[in-house]
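Chemist: Just one file: input-v5.cif, with mmCIF, C-alpha atoms.
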```
data_my_file
loop_
_atom_site.label_atom_id
_atom_site.label_comp_id
_atom_site.auth_asym_id
_atom_site.auth_seq_id
_atom_site.Cartn_x
_atom_site.Cartn_y
_atom_site.Cartn_z
CA MET W 1 -95.15 148.93 19.20
CA THR W 2 -98.51 150.06 17.94
CA PRO W 3 -99.60 149.40 14.36
CA THR W 4 -101.66 152.19 12.86
CA SER W 5 -104.01 152.38 9.93
CA SER W 6 -102.86 150.85 6.68
CA GLY W 7 -104.00 151.31 3.14
CA GLY W 8 -103.08 150.58 -0.42
CA LEU W 9 -101.46 153.34 -2.39
CA ARG W 10 -103.72 152.66 -5.32
CA THR W 11 -107.25 151.40 -5.74
CA GLY W 12 -109.59 150.36 -8.50
CA ALA W 13 -107.14 148.81 -10.97
CA ARG W 14 -107.46 145.29 -9.59
CA PRO W 15 -109.71 143.63 -7.01
CA ILE W 16 -107.89 143.25 -3.71
CA HIS W 17 -109.58 139.90 -3.02
CA SER W 18 -107.58 138.37 -5.88
CA ARG W 19 -104.51 138.60 -3.64
CA ALA W 20 -106.05 136.77 -0.68
CA GLY W 21 -104.12 133.73 0.43
CA THR W 22 -100.85 134.63 -1.26
CA THR W 23 -97.70 135.13 0.79
CA PRO W 24 -97.09 138.87 1.15
CA ILE W 25 -93.75 140.43 0.24
CA VAL W 26 -92.65 142.76 3.04
CA CYS W 27 -90.11 145.58 3.00
CA ALA W 28 -89.10 148.02 5.74
CA ILE W 29 -87.52 151.40 5.04
CA ASP W 30 -87.03 154.98 6.08
CA SER W 31 -86.88 157.96 3.73
CA ARG W 32 -83.28 157.20 2.70
CA PHE W 33 -84.39 154.03 0.94
CA VAL W 34 -87.41 155.29 -1.00
CA LEU W 35 -85.48 155.44 -4.29
CA PRO W 36 -84.05 151.89 -3.88
CA LEU W 37 -87.54 150.62 -3.09
CA CYS W 38 -88.77 152.18 -6.34
CA VAL W 39 -85.98 150.35 -8.19
CA LEU W 40 -86.92 147.10 -6.46
CA MET W 41 -90.53 147.59 -7.54
CA GLU W 42 -89.42 148.34 -11.10
CA SER W 43 -87.59 145.02 -11.24
CA LEU W 44 -90.43 143.12 -9.57
CA ALA W 45 -93.00 144.46 -12.03
CA ARG W 46 -90.80 143.70 -15.03
CA THR W 47 -90.02 140.09 -14.10
CA ASN W 48 -93.40 139.20 -12.58
CA ALA W 49 -95.81 140.99 -14.92
CA HIS W 50 -97.84 137.80 -15.33
CA SER W 51 -98.72 137.63 -11.62
CA LEU W 52 -99.04 141.24 -10.44
CA ASP W 53 -102.77 140.73 -9.89
CA LYS W 54 -101.90 138.28 -7.10
CA MET W 55 -98.92 140.17 -5.70
CA ARG W 56 -99.12 141.56 -2.18
CA LEU W 57 -96.40 144.10 -1.37
CA ILE W 58 -96.46 145.61 2.13
CA LEU W 59 -94.18 148.33 3.47
CA LEU W 60 -93.37 148.75 7.15
CA TYR W 61 -92.20 152.20 8.12
CA GLU W 62 -91.91 154.46 11.12
CA ASP W 63 -91.82 157.84 9.45
CA LEU W 64 -92.09 158.80 5.78
CA ALA W 65 -92.39 162.35 4.50
CA PRO W 66 -95.44 163.18 2.36
CA ASP W 67 -93.26 163.60 -0.73
CA SER W 68 -91.86 160.10 -0.18
CA VAL W 69 -95.38 158.67 -0.01
CA GLU W 70 -96.30 160.56 -3.18
CA ARG W 71 -93.21 159.20 -4.92
CA LEU W 72 -94.23 155.66 -4.04
CA ARG W 73 -97.79 156.43 -5.16
CA PHE W 74 -96.53 157.54 -8.58
CA HIS W 75 -94.48 154.40 -9.21
CA THR W 76 -97.02 151.87 -7.92
CA ALA W 77 -99.64 153.43 -10.19
CA ARG W 78 -97.53 153.30 -13.34
CA LEU W 79 -96.26 149.77 -12.57
CA ASP W 80 -99.76 148.47 -11.74
CA LEU W 81 -98.59 147.32 -8.32
CA HIS W 82 -100.53 147.37 -5.09
CA LEU W 83 -98.42 148.59 -2.16
CA GLU W 84 -99.90 148.69 1.30
CA LEU W 85 -98.33 150.91 3.99
CA ARG W 86 -98.28 149.83 7.62
CA ARG W 87 -96.87 152.24 10.12
CA THR W 88 -95.21 151.04 13.30
CA ASP W 89 -92.87 152.66 15.78
CA LEU W 90 -89.72 151.97 17.73
CA VAL W 91 -90.18 154.84 20.19
CA GLY W 92 -88.40 154.45 23.50
CA ARG W 93 -86.17 151.62 22.34
CA ASP W 94 -82.42 152.04 22.76
CA LEU W 95 -81.21 150.10 19.72
CA PRO W 96 -77.64 149.81 18.39
CA VAL W 97 -77.23 151.96 15.28
CA SER W 98 -74.36 153.39 13.25
CA SER W 99 -73.67 156.16 10.74
CA ARG W 100 -74.86 153.81 7.98
CA ILE W 101 -77.53 151.75 9.75
CA THR W 102 -80.57 153.50 11.24
CA LYS W 103 -83.36 152.22 13.45
CA ALA W 104 -85.35 151.32 10.34
CA THR W 105 -83.38 148.07 10.08
CA TYR W 106 -85.16 146.85 13.22
CA LEU W 107 -88.62 147.22 11.70
CA ARG W 108 -88.44 143.65 10.39
CA LEU W 109 -88.40 142.48 14.02
CA GLN W 110 -91.99 143.78 14.25
CA ILE W 111 -93.22 141.29 11.66
CA GLY W 112 -94.51 138.89 14.31
CA ASP W 113 -96.82 141.59 15.70
CA MET W 114 -97.74 143.28 12.43
CA PHE W 115 -99.13 140.23 10.63
CA PRO W 116 -101.42 138.37 13.06
CA ASP W 117 -103.60 137.01 10.25
CA GLU W 118 -100.81 135.73 8.00
CA GLN W 119 -99.25 132.29 8.01
CA ARG W 120 -96.08 133.31 6.17
CA VAL W 121 -94.37 136.43 4.89
CA LEU W 122 -91.39 136.97 2.62
CA TYR W 123 -89.16 139.77 3.85
CA VAL W 124 -86.81 141.44 1.34
CA ASP W 125 -84.41 144.35 1.80
CA ALA W 126 -84.89 147.35 -0.47
CA ASP W 127 -81.32 147.29 -1.88
CA MET W 128 -82.15 144.50 -4.32
CA VAL W 129 -83.37 143.78 -7.81
CA ILE W 130 -85.57 140.78 -8.58
CA LEU W 131 -84.56 139.08 -11.82
CA THR W 132 -87.01 136.19 -12.21
CA ASP W 133 -90.43 134.84 -11.31
CA ILE W 134 -90.63 135.04 -7.52
CA ALA W 135 -93.59 132.63 -7.15
CA PRO W 136 -91.39 129.55 -6.52
CA LEU W 137 -89.78 131.32 -3.56
CA LEU W 138 -93.15 132.38 -2.15
CA GLU W 139 -94.31 128.75 -2.31
CA LEU W 140 -91.26 127.14 -0.69
CA SER W 141 -91.56 125.31 2.61
CA THR W 142 -89.51 126.35 5.62
CA GLY W 143 -89.36 122.70 6.66
CA GLY W 144 -91.11 123.39 9.96
CA TYR W 145 -88.47 125.93 10.97
CA PRO W 146 -89.35 129.53 11.81
CA LEU W 147 -87.48 130.85 8.79
CA ALA W 148 -85.68 130.02 5.58
CA ALA W 149 -82.70 132.06 4.40
CA VAL W 150 -79.38 131.93 2.54
CA PRO W 151 -76.03 131.56 4.33
CA ASP W 152 -74.23 134.90 4.20
CA PRO W 153 -71.86 134.76 1.19
CA THR W 154 -69.12 136.84 2.81
CA GLY W 155 -69.41 135.27 6.28
CA PRO W 156 -71.28 131.96 6.09
CA GLN W 157 -70.28 130.74 9.56
CA PHE W 158 -70.02 132.49 12.92
CA ARG W 159 -66.22 132.09 12.89
CA PHE W 160 -66.03 134.55 9.98
CA ARG W 161 -68.07 137.26 11.69
CA GLU W 162 -66.46 140.37 13.17
CA ALA W 163 -67.66 139.47 16.68
CA ALA W 164 -66.52 135.82 16.50
CA GLU W 165 -64.78 135.91 19.89
CA ARG W 166 -67.83 137.39 21.54
CA TRP W 167 -70.08 134.79 19.87
CA HIS W 168 -67.79 132.06 21.23
CA LYS W 169 -68.11 133.45 24.76
CA LEU W 170 -71.89 133.20 24.39
CA GLY W 171 -71.54 129.49 23.65
CA ILE W 172 -72.24 129.71 19.92
CA PRO W 173 -70.40 126.97 17.96
CA LEU W 174 -68.22 128.97 15.59
CA GLU W 175 -68.71 126.43 12.78
CA ARG W 176 -72.48 127.05 12.89
CA GLU W 177 -73.88 128.57 9.70
CA TYR W 178 -74.88 132.23 9.73
CA PHE W 179 -77.61 133.55 7.43
CA ASN W 180 -77.99 136.86 5.70
CA ALA W 181 -81.22 138.60 6.70
CA GLY W 182 -81.81 140.39 3.39
CA VAL W 183 -84.21 137.70 2.15
CA ILE W 184 -86.12 135.72 4.77
CA LEU W 185 -89.18 133.53 4.36
CA PHE W 186 -90.89 133.51 7.78
CA ASP W 187 -93.31 130.84 9.01
CA LEU W 188 -95.14 132.98 11.55
CA ALA W 189 -96.67 130.08 13.50
CA ALA W 190 -93.22 128.55 13.99
CA CYS W 191 -91.85 132.01 14.85
CA ALA W 192 -94.47 132.32 17.59
CA GLU W 193 -93.84 128.79 18.86
CA THR W 194 -90.08 129.35 19.13
CA GLU W 195 -90.47 132.98 20.29
CA LEU W 196 -88.08 134.01 17.54
CA PHE W 197 -88.79 137.74 17.61
CA GLN W 198 -88.94 137.91 21.40
CA ARG W 199 -85.55 136.18 21.58
CA ALA W 200 -84.14 138.63 19.04
CA ASP W 201 -85.32 141.53 21.19
CA GLU W 202 -83.79 139.87 24.25
CA PHE W 203 -80.45 139.57 22.45
CA LEU W 204 -80.39 143.28 21.63
CA VAL W 205 -81.02 144.16 25.28
CA LYS W 206 -78.57 141.66 26.80
CA TYR W 207 -75.76 141.61 24.26
CA PRO W 208 -75.65 144.92 22.34
CA GLU W 209 -71.87 144.58 22.04
CA CYS W 210 -72.41 141.52 19.82
CA ALA W 211 -74.88 143.26 17.52
CA VAL W 212 -72.29 144.35 14.96
CA HIS W 213 -74.79 143.55 12.23
CA HIS W 214 -77.75 144.73 14.26
CA ASP W 215 -81.02 142.82 13.79
CA GLN W 216 -79.31 140.26 11.53
CA ASP W 217 -77.12 139.19 14.46
CA ALA W 218 -80.17 139.19 16.72
CA LEU W 219 -82.13 136.91 14.38
CA ASN W 220 -79.20 134.52 13.96
CA TRP W 221 -78.84 134.26 17.71
CA ALA W 222 -82.59 133.80 18.17
CA ALA W 223 -82.85 131.09 15.49
CA ASP W 224 -80.12 129.10 17.27
CA GLY W 225 -79.20 127.20 14.09
CA ARG W 226 -82.79 126.10 13.45
CA TRP W 227 -83.49 127.49 9.98
CA GLN W 228 -84.02 126.15 6.48
CA ARG W 229 -81.32 126.77 3.86
CA LEU W 230 -82.48 128.43 0.66
CA ASP W 231 -80.81 128.11 -2.73
CA PRO W 232 -78.21 130.93 -2.84
CA ARG W 233 -79.74 132.25 -6.06
CA TRP W 234 -82.52 133.78 -3.92
CA ASN W 235 -80.04 136.10 -2.18
CA THR W 236 -76.95 136.57 -4.35
CA PHE W 237 -74.33 139.17 -3.55
CA PRO W 238 -72.77 141.00 -6.54
CA MET W 239 -69.22 139.93 -5.78
CA SER W 240 -67.99 141.65 -8.95
CA THR W 241 -68.76 144.86 -7.08
CA ILE W 242 -68.12 143.86 -3.46
CA ALA W 243 -64.75 142.19 -4.06
CA ALA W 244 -63.62 145.18 -6.14
CA ARG W 245 -63.40 147.31 -3.02
CA PRO W 246 -59.74 147.86 -2.11
CA ASP W 247 -60.42 146.95 1.53
CA TYR W 248 -62.32 143.70 0.83
CA VAL W 249 -60.87 140.52 2.36
CA HIS W 250 -62.56 137.19 1.61
CA ARG W 251 -62.19 135.34 4.91
CA SER W 252 -64.19 132.24 4.00
CA GLU W 253 -62.25 131.12 0.91
CA HIS W 254 -62.01 127.47 2.03
CA VAL W 255 -65.78 127.30 2.67
CA LEU W 256 -67.14 129.50 -0.14
CA PRO W 257 -64.41 130.17 -2.74
CA LEU W 258 -64.55 133.64 -4.20
CA HIS W 259 -64.49 132.34 -7.77
CA SER W 260 -67.65 130.29 -7.11
CA LEU W 261 -69.42 133.39 -5.79
CA HIS W 262 -68.41 135.27 -8.93
CA GLN W 263 -69.83 132.45 -11.06
CA SER W 264 -73.11 132.35 -9.13
CA GLU W 265 -73.71 136.05 -9.87
CA SER W 266 -74.89 135.28 -13.40
CA ARG W 267 -77.45 132.77 -12.03
CA ALA W 268 -78.99 135.13 -9.48
CA ALA W 269 -82.74 135.25 -9.02
CA ILE W 270 -82.36 138.16 -6.57
CA LEU W 271 -79.31 140.41 -6.51
CA HIS W 272 -78.63 141.92 -3.10
CA PHE W 273 -76.35 144.95 -2.95
CA SER W 274 -75.29 144.39 0.63
CA GLY W 275 -72.59 146.49 2.23
CA ARG W 276 -71.76 150.14 2.53
CA HIS W 277 -71.31 150.91 -1.18
CA LYS W 278 -74.76 151.07 -2.75
CA PRO W 279 -75.49 150.94 -6.51
CA TRP W 280 -77.31 154.29 -6.53
CA GLN W 281 -74.18 155.96 -5.12
CA GLU W 282 -71.18 157.19 -7.10
CA THR W 283 -68.78 155.29 -4.81
CA CYS W 284 -70.05 151.85 -5.82
CA PRO W 285 -67.36 149.89 -7.75
CA ASP W 286 -68.20 148.98 -11.34
CA GLY W 287 -69.24 145.50 -12.48
CA PRO W 288 -71.91 143.72 -14.55
CA SER W 289 -74.39 143.61 -11.67
CA LEU W 290 -73.95 147.31 -10.98
CA ARG W 291 -74.64 148.09 -14.63
CA LEU W 292 -77.73 145.88 -14.53
CA TYR W 293 -79.00 147.64 -11.42
CA ARG W 294 -78.47 151.04 -12.99
CA ARG W 295 -80.59 150.10 -15.99
CA TYR W 296 -83.51 149.71 -13.61
CA LEU W 297 -82.48 152.87 -11.78
CA GLN W 298 -82.34 154.84 -15.04
CA ARG W 299 -85.89 153.79 -15.87
CA VAL W 300 -87.13 154.98 -12.48
CA VAL W 301 -85.37 158.33 -12.80
CA ALA W 302 -86.57 158.78 -16.39
CA HIS W 303 -90.20 158.19 -15.42
CA GLU W 304 -89.88 160.69 -12.57
CA SER W 305 -88.46 163.35 -14.90
CA GLY W 306 -91.02 162.74 -17.64
CA ALA W 307 -88.35 161.52 -20.07
CA SER W 308 -88.61 158.41 -22.22
CA PRO W 309 -87.19 155.46 -20.27
CA PRO W 310 -84.17 153.77 -21.86
CA PRO W 311 -84.74 150.41 -23.57
CA PHE W 312 -84.03 147.35 -21.49
CA ALA W 313 -81.83 144.66 -23.06
CA GLU W 314 -83.35 141.19 -22.89
CA HIS W 315 -79.97 139.65 -22.08
CA PRO W 316 -77.98 142.16 -20.03
CA GLU W 317 -74.19 141.93 -20.01
CA GLY W 318 -72.82 139.26 -17.71
CA ARG W 319 -76.06 137.26 -17.49
CA SER W 320 -77.31 134.29 -19.47
#
```
Using structure tokens, write down the structure from this file.
Modeler:
Amino acid sequence: MTPTSSGGLRTGARPIHSRAGTTPIVCAIDSRFVLPLCVLMESLARTNAHSLDKMRLILLYEDLAPDSVERLRFHTARLDLHLELRRTDLVGRDLPVSSRITKATYLRLQIGDMFPDEQRVLYVDADMVILTDIAPLLELSTGGYPLAAVPDPTGPQFRFREAAERWHKLGIPLEREYFNAGVILFDLAACAETELFQRADEFLVKYPECAVHHDQDALNWAADGRWQRLDPRWNTFPMSTIAARPDYVHRSEHVLPLHSLHQSESRAAILHFSGRHKPWQETCPDGPSLRLYRRYLQRVVAHESGASPPPFAEHPEGRS
């Protein structure tokens, strides 16, 4: 892995030194997730307008087409955001992928190498909208652990994971909690001390048959149960959409009742559209969180087309 030159997509609007010392927000995408990243930025700018001058948003990528870079340039300029691009590569690595998951998902495993001068970073997936002030999350302690995250709402323990039998054969206690990797606050010194990212790489080489959920499985194995639990509001699944799929089965009812997950949706600080049905796709089941997401999406599309963006309700349906 070799980091290459990085640079902000916009200059002159705000002094870069005003961001020094703040925990950077890191995303990792390929060209398929440029539009979702624009929606994420739309939501971030709307709900954190008071602190954009201190915001540090950094994108890890392996390959982005020039038109994708230009698209990001357009939105960061109009939103008054500073987005820094850092290119890395995964060349020569035989990593488990699928029709839905590409190698880009493994870019977050490069965080330990890509940020040698940072103490902490907040990683967020691109398939999210941020609905509140994110400063409290950026300031949270990881309790001395290498990372802080939210237990996965649809599979909060290893026993509920698809590869449960294989985890058991590896000696993993099946009642151990399992985190979702969509929102992770990393303490990079603790990551280095525990060799978190090296262990994740080792897992992918030794046990690719267990990597059903790719780098998320690798990070859970590498953390070995040593991680800080975040309030679920920082990584809330839109169960009104997920549970509406005809094939959805809620395996963890006795641990995390489905009705409680539905109730938590209206209290979300970050909505995470995990799973194969994405809110920018026609196949995504309807629900209040989907309609909220599409309000942000409509604003992005309107700005790109030169149309007037639709008004944004102060109290969207289904939220307090």
Chemist: Step by step, work through what the PyMOL selection byres ((chain W and resi 272) around 6) selects in the shown file, and finish by giving those residues as a list in words.
Modeler: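 Those residues are Met128, Thr236, Phe237, Leu271, Phe273 and Ser274 of chain W.
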Chemist: Please list as an MDAnalysis selection string every residue within 12 Å of Gln263 in chain W, counting only C-alpha atoms and excluding residues in the same chain fewer than 4 positions away.
Modeler: chainID W and resid 232:233 236:240 256:259 267:268 288 318:320
Chemist: With only C-alpha atoms as the atoms that count, which of W:Asp94, W:Arg251, W:Val34, W:Leu297 lies nearest to Pro156 in chain W?
Modeler: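 Using only C-alpha atoms, Pro156 in chain W sits closest to W:Arg251.
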Chemist: Counting all atoms listed in the file, what is within 12 Å of Thr142 in chain W, bar same-chain residues fewer than 4 positions away, as a list of chain:residue names?
Modeler: W:Gln119, W:Arg120, W:Val121, W:Leu122, W:Leu137, W:Leu138, W:Pro146, W:Leu147, W:Ala148, W:Ala149, W:Val150, W:Ile184, W:Leu185, W:Phe186, W:Asp187, W:Leu188, W:Ala189, W:Ala190, W:Cys191, W:Arg226, W:Trp227, W:Gln228, W:Arg229, W:Leu230
Chemist: Which residues match the PyMOL selection byres ((chain W and resi 210-221) around 7) in the file above, as a CSV table (one decimal) with C-alpha atoms, keeping the file's coordinate frame?
Modeler:
```
chain,number,residue,atom,x,y,z
W,96,PRO,CA,-77.6,149.8,18.4
W,105,THR,CA,-83.4,148.1,10.1
W,106,TYR,CA,-85.2,146.8,13.2
W,163,ALA,CA,-67.7,139.5,16.7
W,166,ARG,CA,-67.8,137.4,21.5
W,178,TYR,CA,-74.9,132.2,9.7
W,179,PHE,CA,-77.6,133.6,7.4
W,180,ASN,CA,-78.0,136.9,5.7
W,181,ALA,CA,-81.2,138.6,6.7
W,200,ALA,CA,-84.1,138.6,19.0
W,203,PHE,CA,-80.4,139.6,22.4
W,204,LEU,CA,-80.4,143.3,21.6
W,207,TYR,CA,-75.8,141.6,24.3
W,208,PRO,CA,-75.6,144.9,22.3
W,209,GLU,CA,-71.9,144.6,22.0
W,222,ALA,CA,-82.6,133.8,18.2
W,223,ALA,CA,-82.8,131.1,15.5
W,224,ASP,CA,-80.1,129.1,17.3
```
Chemist: Measuring atom to atom with all atoms listed in the file, identify which of W:Ala192, W:Leu79, W:Trp280, W:Phe158 is nearest to His303 in chain W.
Modeler: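 Among the listed residues, W:Leu79 lies closest to His303 in chain W.
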Chemist: So which residues touch range 282-287 of chain W within 7 Å, counting all atoms listed in the file, skipping near sequence neighbours fewer than 6 positions away, as a CSV table (one decimal) with C-alpha atoms, in the coordinates of the input?
Modeler:
```csv
chain,number,residue,atom,x,y,z
W,240,SER,CA,-68.0,141.6,-9.0
W,241,THR,CA,-68.8,144.9,-7.1
W,244,ALA,CA,-63.6,145.2,-6.1
W,245,ARG,CA,-63.4,147.3,-3.0
```
Chemist: Between CA of Phe160 in chain W and CA of Ser260 in chain W, what is the spacing in Å?
Modeler: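 Interatomic distance, CA of Ser260 in chain W to CA of Phe160 in chain W: 17.7 Å.
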Chemist: Just the number, please: distance in Å from CA of Leu37 in chain W to CA of Asp125 in chain W, one decimal.
Modeler: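 Between these atoms lies a distance of 8.5 Å.
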